[in-house]
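Below: one structure, written as structure tokens.
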Amino acid sequence: MRRLPIAQKELLKSETVAGVSLRKMRIRHSLALSTLYYYYRKVNGKNYVSPNVDLRYTESAGEIVGAFAGDGSEYYAKNRG
């Protein structure tokens with residue numbers, strides 16, 4: 001895969017700041033969507049909000065959930081341990 005010239009990188013960044021959609025940029029420049037998204041993410045950052053999970057379970061509740069989830073923490077097989 002060839003590298004993009006610096007001039008084309010700057011053009012992609014300026015179009016991203018201007019609000020041009022990735023689909024239009026893909027058609028104009030004949031580049032892969034993943035390449036365009038890479039430069040889009042460099043300018044705008046990530047598009048999703050990280051989940052904020054607040055877990056307050058006791059150890060016994062975790063053992064019960066683990067038994068039903070099937071992680072094997074409450075299962076003992078004689079021949080396998």
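FYI, nothing fancy with the structure tokens labels: chains A, B, ... in order, residues from 1 per chain, ligands from 1 as they appear.
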Legend entry - Residues flagged helix (DSSP H, G or I) by DSSP in chain A, as a PyMOL selection string: chain A and resi 6-18+22-29+33-44+59-69
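Going from CA of Leu22 (chain A) to CA of Tyr40 (chain A) covers 8.2 Å.
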Legend entry - Residues within 8 Å of region 9-16 of chain A, only C-alpha atoms, excluding chain neighbours under 6 positions, as a count of residues only: 5
Inset, instruction - Mind giving me the straight-line distance from CA of Lys78 (chain A) to CA of Gly62 (chain A) in Å, one decimal? - result: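 Separation between CA of Lys78 (chain A) and CA of Gly62 (chain A): 23.9 Å.
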